[in-house]
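Okay, data.cif now, which holds mmCIF, C-alpha atoms:
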```cif
data_target
#
loop_
_atom_site.label_atom_id
_atom_site.label_comp_id
_atom_site.auth_asym_id
_atom_site.auth_seq_id
_atom_site.Cartn_x
_atom_site.Cartn_y
_atom_site.Cartn_z
CA MET M 637 -32.71 134.76 -69.61
CA GLU M 638 -33.75 138.34 -70.26
CA SER M 639 -30.60 139.57 -68.55
CA THR M 640 -28.50 137.28 -70.77
CA LEU M 641 -30.16 138.64 -73.89
CA GLY M 642 -29.78 142.19 -72.63
CA ALA M 643 -26.07 141.60 -72.03
CA GLY M 644 -25.83 140.31 -75.59
CA ILE M 645 -27.26 143.58 -76.91
CA VAL M 646 -24.71 145.50 -74.84
CA ILE M 647 -21.90 143.45 -76.42
CA ALA M 648 -23.31 144.02 -79.91
CA GLU M 649 -23.57 147.74 -79.20
CA ALA M 650 -19.94 147.84 -78.06
CA LEU M 651 -18.80 146.03 -81.20
CA GLN M 652 -20.77 148.33 -83.49
CA ASN M 653 -19.61 151.50 -81.76
CA GLN M 654 -16.03 150.65 -80.87
CA LEU M 655 -15.18 148.66 -84.01
CA ALA M 656 -17.30 150.50 -86.55
CA TRP M 657 -14.21 150.97 -88.72
CA LEU M 658 -14.15 147.18 -89.21
CA GLU M 659 -17.70 147.07 -90.56
CA ASN M 660 -16.70 145.88 -94.05
CA VAL M 661 -14.43 143.26 -92.53
CA TRP M 662 -17.23 141.88 -90.34
CA LEU M 663 -19.61 141.77 -93.31
CA TRP M 664 -17.04 139.96 -95.42
CA ILE M 665 -16.34 137.44 -92.66
CA THR M 666 -20.03 136.69 -92.11
CA PHE M 667 -20.27 136.08 -95.86
CA LEU M 668 -17.33 133.65 -95.75
CA GLY M 669 -18.96 131.85 -92.82
CA ASP M 670 -22.30 131.42 -94.59
CA PRO M 671 -23.22 127.71 -94.90
CA LYS M 672 -24.08 128.24 -98.57
CA ILE M 673 -20.43 129.07 -99.23
CA LEU M 674 -19.49 125.62 -97.95
CA PHE M 675 -21.35 124.08 -100.87
CA LEU M 676 -20.28 126.70 -103.44
CA PHE M 677 -16.62 127.26 -102.53
CA TYR M 678 -15.13 125.24 -99.67
CA PHE M 679 -16.34 121.87 -100.95
CA PRO M 680 -15.04 122.33 -104.55
CA ALA M 681 -11.74 123.76 -103.29
CA ALA M 682 -11.25 120.95 -100.79
CA TYR M 683 -12.21 118.32 -103.36
CA TYR M 684 -9.70 119.71 -105.84
CA ALA M 685 -6.95 119.34 -103.24
CA SER M 686 -8.10 115.99 -101.84
CA ARG M 687 -11.06 113.84 -102.85
CA ARG M 688 -11.40 112.35 -99.37
CA VAL M 689 -11.41 115.76 -97.65
CA GLY M 690 -13.78 117.24 -100.22
CA ILE M 691 -16.34 114.48 -99.74
CA ALA M 692 -15.99 114.86 -95.96
CA VAL M 693 -16.68 118.60 -96.20
CA LEU M 694 -19.82 118.07 -98.28
CA TRP M 695 -21.17 115.22 -96.15
CA ILE M 696 -20.57 116.98 -92.84
CA SER M 697 -22.06 120.20 -94.22
CA LEU M 698 -25.36 118.62 -95.22
CA ILE M 699 -25.76 116.54 -92.06
CA THR M 700 -24.82 119.40 -89.73
CA GLU M 701 -27.08 121.88 -91.52
CA TRP M 702 -29.97 119.46 -91.11
CA LEU M 703 -29.20 119.05 -87.40
CA ASN M 704 -28.99 122.82 -87.00
CA LEU M 705 -32.48 123.14 -88.46
CA ILE M 706 -33.86 120.62 -85.98
CA PHE M 707 -32.06 122.23 -83.04
CA LYS M 708 -33.50 125.63 -83.94
CA TRP M 709 -37.04 124.26 -84.02
CA PHE M 710 -36.68 122.91 -80.50
CA LEU M 711 -34.65 125.73 -78.91
CA PHE M 712 -36.78 128.69 -80.13
CA GLY M 713 -33.96 131.22 -80.01
CA ASP M 714 -34.71 134.89 -80.66
CA ARG M 715 -32.49 136.99 -82.89
CA PRO M 716 -31.22 140.36 -81.62
CA PHE M 717 -32.54 142.41 -84.54
CA TRP M 718 -36.14 141.63 -83.55
CA TRP M 719 -35.74 140.96 -79.82
CA VAL M 720 -34.74 144.55 -79.06
CA HIS M 721 -38.16 145.62 -80.37
CA GLU M 722 -40.35 142.79 -79.09
CA SER M 723 -38.90 142.91 -75.57
CA GLY M 724 -39.22 146.66 -75.15
CA TYR M 725 -35.46 146.88 -74.57
CA TYR M 726 -35.24 150.19 -76.39
CA SER M 727 -37.62 151.84 -73.93
CA GLN M 728 -35.75 150.43 -70.90
CA ALA M 729 -32.18 151.05 -72.03
CA PRO M 730 -31.94 152.69 -75.47
CA ALA M 731 -29.23 150.96 -77.49
CA GLN M 732 -27.26 152.44 -80.36
CA VAL M 733 -27.41 149.44 -82.67
CA HIS M 734 -28.48 149.08 -86.27
CA GLN M 735 -29.20 146.37 -88.80
CA PHE M 736 -27.37 145.35 -91.96
CA PRO M 737 -28.57 143.69 -95.18
CA SER M 738 -27.30 140.36 -93.84
CA SER M 739 -29.06 140.73 -90.45
CA CYS M 740 -32.58 139.74 -91.48
CA GLU M 741 -32.54 135.95 -91.44
CA THR M 742 -35.90 134.33 -90.91
CA GLY M 743 -35.06 131.20 -88.91
CA PRO M 744 -34.71 130.96 -85.11
CA GLY M 745 -31.36 132.02 -83.73
CA SER M 746 -30.13 129.20 -81.50
CA PRO M 747 -27.60 127.79 -82.17
CA SER M 748 -25.77 129.89 -84.75
CA GLY M 749 -25.81 128.05 -88.06
CA HIS M 750 -22.81 129.96 -89.37
CA CYS M 751 -20.70 128.83 -86.42
CA MET M 752 -22.09 125.31 -86.05
CA ILE M 753 -22.15 124.26 -89.72
CA THR M 754 -18.92 125.98 -90.75
CA GLY M 755 -17.14 124.78 -87.63
CA ALA M 756 -18.09 121.17 -88.32
CA ALA M 757 -17.45 121.26 -92.08
CA LEU M 758 -14.02 122.89 -91.82
CA TRP M 759 -12.86 120.34 -89.25
CA PRO M 760 -11.66 117.77 -91.85
CA ILE M 761 -9.76 120.50 -93.69
CA MET M 762 -8.08 121.56 -90.47
CA THR M 763 -7.15 118.01 -89.47
CA ALA M 764 -5.84 117.18 -92.97
CA LEU M 765 -3.67 120.31 -93.00
CA SER M 766 -2.46 119.56 -89.48
CA SER M 767 -1.47 116.06 -90.54
CA GLN M 768 0.42 117.33 -93.57
CA VAL M 769 2.21 120.06 -91.62
CA ALA M 770 3.12 117.68 -88.80
CA THR M 771 5.04 115.43 -91.22
CA ARG M 772 7.02 118.31 -92.70
CA ALA M 773 7.62 120.82 -89.91
CA ARG M 774 9.67 120.39 -86.78
CA SER M 775 8.54 123.56 -85.07
CA ARG M 776 5.67 123.06 -82.66
CA TRP M 777 4.36 126.52 -83.50
CA VAL M 778 4.20 125.69 -87.19
CA ARG M 779 2.35 122.45 -86.47
CA VAL M 780 -0.39 124.25 -84.55
CA MET M 781 -0.96 126.86 -87.27
CA PRO M 782 -3.89 125.01 -88.95
CA SER M 783 -5.66 124.63 -85.61
CA LEU M 784 -4.96 128.25 -84.73
CA ALA M 785 -6.28 129.45 -88.10
CA TYR M 786 -9.41 127.30 -87.65
CA CYS M 787 -10.14 128.72 -84.20
CA THR M 788 -9.36 132.31 -85.23
CA PHE M 789 -11.64 132.15 -88.26
CA LEU M 790 -14.55 130.68 -86.29
CA LEU M 791 -14.11 133.27 -83.55
CA ALA M 792 -14.20 136.01 -86.19
CA VAL M 793 -17.34 134.48 -87.72
CA GLY M 794 -18.98 134.43 -84.28
CA LEU M 795 -18.11 138.07 -83.60
CA SER M 796 -19.38 139.09 -87.03
CA ARG M 797 -22.74 137.46 -86.29
CA ILE M 798 -23.01 139.40 -83.04
CA PHE M 799 -21.93 142.61 -84.79
CA ILE M 800 -24.72 142.46 -87.39
CA LEU M 801 -27.40 141.56 -84.77
CA ALA M 802 -27.99 138.09 -86.23
CA HIS M 803 -27.12 136.22 -83.02
CA PHE M 804 -26.61 136.63 -79.30
CA PRO M 805 -23.22 135.64 -77.83
CA HIS M 806 -24.59 132.49 -76.15
CA GLN M 807 -26.01 131.33 -79.50
CA VAL M 808 -22.62 131.82 -81.12
CA LEU M 809 -20.89 129.93 -78.31
CA ALA M 810 -23.38 127.06 -78.61
CA GLY M 811 -22.76 126.92 -82.35
CA LEU M 812 -18.98 126.93 -81.98
CA ILE M 813 -18.93 124.12 -79.43
CA THR M 814 -21.53 121.99 -81.20
CA GLY M 815 -19.84 122.45 -84.58
CA ALA M 816 -16.40 121.47 -83.30
CA VAL M 817 -17.78 118.40 -81.52
CA LEU M 818 -19.74 117.28 -84.59
CA GLY M 819 -16.72 117.80 -86.82
CA TRP M 820 -14.58 115.72 -84.49
CA LEU M 821 -17.17 112.94 -84.29
CA MET M 822 -18.16 112.83 -87.96
CA THR M 823 -14.84 113.21 -89.79
CA PRO M 824 -13.69 109.60 -89.18
CA ARG M 825 -17.16 108.29 -90.09
CA VAL M 826 -17.80 109.90 -93.48
CA PRO M 827 -19.28 107.31 -95.90
CA MET M 828 -16.69 107.13 -98.67
CA GLU M 829 -17.81 103.97 -100.46
CA ARG M 830 -21.48 103.10 -100.21
CA GLU M 831 -24.17 101.98 -102.62
CA LEU M 832 -26.13 104.64 -104.50
CA SER M 833 -29.20 103.53 -102.58
CA PHE M 834 -27.52 104.64 -99.33
CA TYR M 835 -27.27 108.23 -100.52
CA GLY M 836 -30.77 108.15 -101.97
CA LEU M 837 -32.20 106.84 -98.73
CA THR M 838 -30.24 109.47 -96.80
CA ALA M 839 -31.81 112.22 -98.90
CA LEU M 840 -35.25 110.69 -98.40
CA ALA M 841 -34.70 110.29 -94.65
CA LEU M 842 -33.69 113.94 -94.30
CA MET M 843 -36.79 115.08 -96.14
CA LEU M 844 -39.27 112.73 -94.48
CA GLY M 845 -37.70 113.04 -91.03
CA THR M 846 -37.93 116.81 -91.13
CA SER M 847 -41.52 116.71 -92.38
CA LEU M 848 -42.47 114.28 -89.61
CA ILE M 849 -40.91 116.47 -86.92
CA TYR M 850 -42.52 119.59 -88.41
CA TRP M 851 -46.05 118.15 -88.51
CA THR M 852 -45.68 116.58 -85.07
CA LEU M 853 -44.75 119.91 -83.53
CA PHE M 854 -47.46 121.64 -85.55
CA THR M 855 -50.05 119.12 -84.31
CA LEU M 856 -48.93 119.83 -80.75
CA GLY M 857 -49.79 123.48 -81.30
CA LEU M 858 -46.31 124.89 -81.85
CA ASP M 859 -46.07 127.67 -84.44
CA LEU M 860 -42.82 127.00 -86.29
CA SER M 861 -43.30 130.08 -88.48
CA TRP M 862 -43.08 132.47 -85.53
CA SER M 863 -39.56 133.59 -86.41
CA ILE M 864 -40.51 134.31 -90.02
CA SER M 865 -43.30 136.63 -88.85
CA LEU M 866 -40.95 138.49 -86.52
CA ALA M 867 -38.29 138.85 -89.20
CA PHE M 868 -40.78 140.42 -91.62
CA LYS M 869 -42.15 142.62 -88.84
CA TRP M 870 -38.88 144.10 -87.62
CA CYS M 871 -36.47 144.02 -90.55
CA GLU M 872 -35.75 147.62 -91.53
CA ARG M 873 -36.09 146.96 -95.27
CA PRO M 874 -38.20 144.29 -96.99
CA GLU M 875 -35.47 143.63 -99.56
CA TRP M 876 -33.14 142.54 -96.74
CA ILE M 877 -35.30 139.54 -95.88
CA HIS M 878 -33.38 136.37 -96.77
CA VAL M 879 -35.88 133.95 -98.28
CA ASP M 880 -33.16 131.31 -98.56
CA SER M 881 -32.74 131.40 -94.78
CA ARG M 882 -36.18 129.84 -94.27
CA PRO M 883 -35.98 126.34 -92.76
CA PHE M 884 -37.12 124.29 -95.73
CA ALA M 885 -34.70 126.09 -98.07
CA SER M 886 -31.73 124.50 -96.31
CA LEU M 887 -33.53 121.15 -96.22
CA SER M 888 -33.87 121.06 -100.00
CA ARG M 889 -30.17 121.90 -100.35
CA ASP M 890 -29.15 119.14 -97.93
CA SER M 891 -31.34 116.45 -99.49
CA GLY M 892 -30.21 117.42 -102.96
CA ALA M 893 -26.56 117.38 -101.91
CA ALA M 894 -26.88 113.90 -100.40
CA LEU M 895 -28.49 112.48 -103.53
CA GLY M 896 -26.12 114.37 -105.83
CA LEU M 897 -23.10 113.04 -103.95
CA GLY M 898 -24.28 109.48 -104.44
CA ILE M 899 -24.97 109.98 -108.15
CA ALA M 900 -21.58 111.65 -108.66
CA LEU M 901 -19.64 108.89 -106.88
CA HIS M 902 -21.34 106.23 -109.01
CA SER M 903 -21.21 108.03 -112.33
CA PRO M 904 -19.16 106.58 -115.24
CA CYS M 905 -17.12 109.79 -115.42
CA TYR M 906 -16.00 109.35 -111.82
CA ALA M 907 -14.94 105.73 -112.47
CA GLN M 908 -13.23 106.45 -115.81
CA ALA M 909 -11.09 109.13 -114.25
CA GLY M 910 -9.66 106.57 -111.90
CA TRP M 911 -10.96 108.36 -108.82
CA HIS M 912 -11.72 106.11 -105.89
CA PRO M 913 -13.29 107.25 -102.61
CA LEU M 914 -10.96 105.10 -100.55
CA GLU M 915 -7.84 106.53 -102.11
CA ALA M 916 -5.42 107.88 -99.52
CA LEU M 917 -4.71 111.59 -99.31
#
```

Can you turn what I pasted into structure tokens?
Amino acid sequence: MESTLGAGIVIAEALQNQLAWLENVWLWITFLGDPKILFLFYFPAAYYASRRVGIAVLWISLITEWLNLIFKWFLFGDRPFWWVHESGYYSQAPAQVHQFPSSCETGPGSPSGHCMITGAALWPIMTALSSQVATRARSRWVRVMPSLAYCTFLLAVGLSRIFILAHFPHQVLAGLITGAVLGWLMTPRVPMERELSFYGLTALALMLGTSLIYWTLFTLGLDLSWSISLAFKWCERPEWIHVDSRPFASLSRDSGAALGLGIALHSPCYAQAGWHPLEAL
């Protein structure tokens, strides 16, 4: 495993040195791949275009982000920006790599949340666009454009995460594969018309389920705050520490989004506007 992590540092070093002129591009892409942007931008934009797709983006985002949190607790993945110091890599093979303001996330690194959550949440957008293009374009190359754009964007997000020392390549690959599979599995199963109690119970289940897993692992002697300590120890500047990247920050967002979705779908304003979750695209 050490050799795999070392190879990841070599790749990050090559990206930083050979593609340094793309630094602003990588930083912008990692911003666009941030799971928070799914809730703030992609969901509203998708909902404006299609209610069904918008709800799918929000639902898949909150479920996948919760799963990513659980995966990270069990996989214990290091992040490059602290591993190079903790492992003594610098003394063995000095690397010319540096951190960025967006490097210092506090959660474990495996799998990449940017790749996994964004990959899953953008799947319904990609499939909806593919369906629309397929009915209007005869060219095979035009029909594959949505899929090609989806894959290209996720690949760029993955490379940006390696570039800023937030993830190792294998963590990015795991996130990409897991995200695509979850998007494929969940898109046809998004709850479009359920009772308000369903969404409330979902929010409660996310909160209680996470708490149960946390305290079970804690009781077994596992320190789930280990990554937070390392992030504070090795981040170059204290102001770069992302408090909102702590595990329970995403949990509160996911639980709130689940409950908020249910309240919104059952609000009088939603019904008076004539919007119906089962309406076709």

Could you put an axis-aligned box around every listed atom of range 739-742 of chain M, padded by 6 Å on each side, and send me its centre and edge lengths in Å to one decimal, as JSON?
```
{"center_x": -32.5, "center_y": 137.5, "center_z": -91.0, "size_x": 18.8, "size_y": 18.4, "size_z": 13.0}
```

Would you tabulate, counting only C-alpha atoms, all residues of range 750-784 of chain M that have an atom at most 9 Å from an atom of range 689-695 of chain M, showing the closest pair of atoms and their distance in Å to one decimal, sorted by chain then ascending number, as a Markdown table?
```
| residue | atom | partner | partner_atom | distance |
| --- | --- | --- | --- | --- |
| M:Ala756 | CA | M:Val693 | CA | 8.4 |
| M:Ala757 | CA | M:Val693 | CA | 5.0 |
| M:Leu758 | CA | M:Val693 | CA | 6.7 |
| M:Trp759 | CA | M:Val693 | CA | 8.1 |
| M:Pro760 | CA | M:Val689 | CA | 6.1 |
| M:Ile761 | CA | M:Val689 | CA | 6.4 |
| M:Ala764 | CA | M:Val689 | CA | 7.4 |
```

Could you work out how far CA of Ala681 in chain M lies from CA of Ala841 in chain M, giving the answer in Å with one decimal?
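Atom-to-atom, CA of Ala841 in chain M and CA of Ala681 in chain M are spaced 28.0 Å apart.
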
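Applied to the shown file, the PyMOL selection byres ((chain M and resi 638) around 12) selects the residues Met637, Ser639, Thr640, Leu641, Gly642, Ala643, Gly644, Ile645, Asp714, Pro716, Trp719, Val720, Glu722, Ser723, Gly724, Tyr725 and Phe804 of chain M.
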
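Distance check against Gly669 in chain M using only C-alpha atoms: of M:Pro747, M:Pro824, M:Gly794, M:Pro904, the minimum falls on M:Gly794.
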
Residues within 10 Å of range 828-834 of chain M, please, as an mmCIF file with C-alpha atoms, in the frame of the given file. Count all atoms listed in the file; anything in the same chain fewer than 6 positions from it doesn't count.
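Final output, selection38.cif:
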```cif
data_model
loop_
_atom_site.group_PDB
_atom_site.id
_atom_site.type_symbol
_atom_site.label_atom_id
_atom_site.label_comp_id
_atom_site.auth_asym_id
_atom_site.auth_seq_id
_atom_site.Cartn_x
_atom_site.Cartn_y
_atom_site.Cartn_z
ATOM 1 C CA ARG M 687 -11.060 113.840 -102.850
ATOM 2 C CA ARG M 688 -11.400 112.350 -99.370
ATOM 3 C CA ILE M 691 -16.340 114.480 -99.740
ATOM 4 C CA ALA M 692 -15.990 114.860 -95.960
ATOM 5 C CA TRP M 695 -21.170 115.220 -96.150
ATOM 6 C CA LEU M 840 -35.250 110.690 -98.400
ATOM 7 C CA ALA M 894 -26.880 113.900 -100.400
ATOM 8 C CA LEU M 895 -28.490 112.480 -103.530
ATOM 9 C CA GLY M 896 -26.120 114.370 -105.830
ATOM 10 C CA LEU M 897 -23.100 113.040 -103.950
ATOM 11 C CA GLY M 898 -24.280 109.480 -104.440
ATOM 12 C CA ILE M 899 -24.970 109.980 -108.150
ATOM 13 C CA ALA M 900 -21.580 111.650 -108.660
ATOM 14 C CA LEU M 901 -19.640 108.890 -106.880
ATOM 15 C CA HIS M 902 -21.340 106.230 -109.010
ATOM 16 C CA SER M 903 -21.210 108.030 -112.330
ATOM 17 C CA HIS M 912 -11.720 106.110 -105.890
ATOM 18 C CA PRO M 913 -13.290 107.250 -102.610
ATOM 19 C CA LEU M 914 -10.960 105.100 -100.550
ATOM 20 C CA GLU M 915 -7.840 106.530 -102.110
#
```

Restricting the calculation to only C-alpha atoms, which member of M:Glu872, M:Glu659, M:Asp859, M:Asp880 is positioned closest to Lys672 in chain M?
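Between M:Glu872, M:Glu659, M:Asp859, M:Asp880, the residue approaching Lys672 in chain M most closely is M:Asp880.
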
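The residue that comes closest to Ser686 in chain M, out of M:Thr742, M:Gln735, M:Gln768, M:Asn653 and on the basis of only C-alpha atoms, is M:Gln768.
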
Is there a way to complete range 856-868 of chain M with N, CA and C atoms and then write that out as an mmCIF file, in the frame of the given file?
```
data_model
loop_
_atom_site.group_PDB
_atom_site.id
_atom_site.type_symbol
_atom_site.label_atom_id
_atom_site.label_comp_id
_atom_site.auth_asym_id
_atom_site.auth_seq_id
_atom_site.Cartn_x
_atom_site.Cartn_y
_atom_site.Cartn_z
ATOM 1 N N LEU M 856 -48.971 119.531 -82.176
ATOM 2 C CA LEU M 856 -48.930 119.830 -80.750
ATOM 3 C C LEU M 856 -49.212 121.293 -80.442
ATOM 4 N N GLY M 857 -49.423 122.080 -81.493
ATOM 5 C CA GLY M 857 -49.790 123.480 -81.300
ATOM 6 C C GLY M 857 -48.642 124.457 -81.345
ATOM 7 N N LEU M 858 -47.473 124.003 -81.779
ATOM 8 C CA LEU M 858 -46.310 124.890 -81.850
ATOM 9 C C LEU M 858 -46.260 125.575 -83.214
ATOM 10 N N ASP M 859 -46.138 126.886 -83.205
ATOM 11 C CA ASP M 859 -46.070 127.670 -84.440
ATOM 12 C C ASP M 859 -44.616 127.795 -84.874
ATOM 13 N N LEU M 860 -44.211 126.995 -85.848
ATOM 14 C CA LEU M 860 -42.820 127.000 -86.290
ATOM 15 C C LEU M 860 -42.514 128.132 -87.264
ATOM 16 N N SER M 861 -43.523 128.928 -87.606
ATOM 17 C CA SER M 861 -43.300 130.080 -88.480
ATOM 18 C C SER M 861 -43.185 131.379 -87.696
ATOM 19 N N TRP M 862 -43.113 131.271 -86.369
ATOM 20 C CA TRP M 862 -43.080 132.470 -85.530
ATOM 21 C C TRP M 862 -41.909 133.377 -85.853
ATOM 22 N N SER M 863 -40.747 132.779 -86.139
ATOM 23 C CA SER M 863 -39.560 133.590 -86.410
ATOM 24 C C SER M 863 -39.669 134.304 -87.749
ATOM 25 N N ILE M 864 -40.333 133.678 -88.708
ATOM 26 C CA ILE M 864 -40.510 134.310 -90.020
ATOM 27 C C ILE M 864 -41.372 135.562 -89.875
ATOM 28 N N SER M 865 -42.421 135.472 -89.077
ATOM 29 C CA SER M 865 -43.300 136.630 -88.850
ATOM 30 C C SER M 865 -42.543 137.772 -88.197
ATOM 31 N N LEU M 866 -41.706 137.454 -87.212
ATOM 32 C CA LEU M 866 -40.950 138.490 -86.520
ATOM 33 C C LEU M 866 -39.902 139.129 -87.432
ATOM 34 N N ALA M 867 -39.287 138.315 -88.283
ATOM 35 C CA ALA M 867 -38.290 138.850 -89.200
ATOM 36 C C ALA M 867 -38.927 139.851 -90.166
ATOM 37 N N PHE M 868 -40.086 139.511 -90.712
ATOM 38 C CA PHE M 868 -40.780 140.420 -91.620
ATOM 39 C C PHE M 868 -41.278 141.661 -90.880
#
```
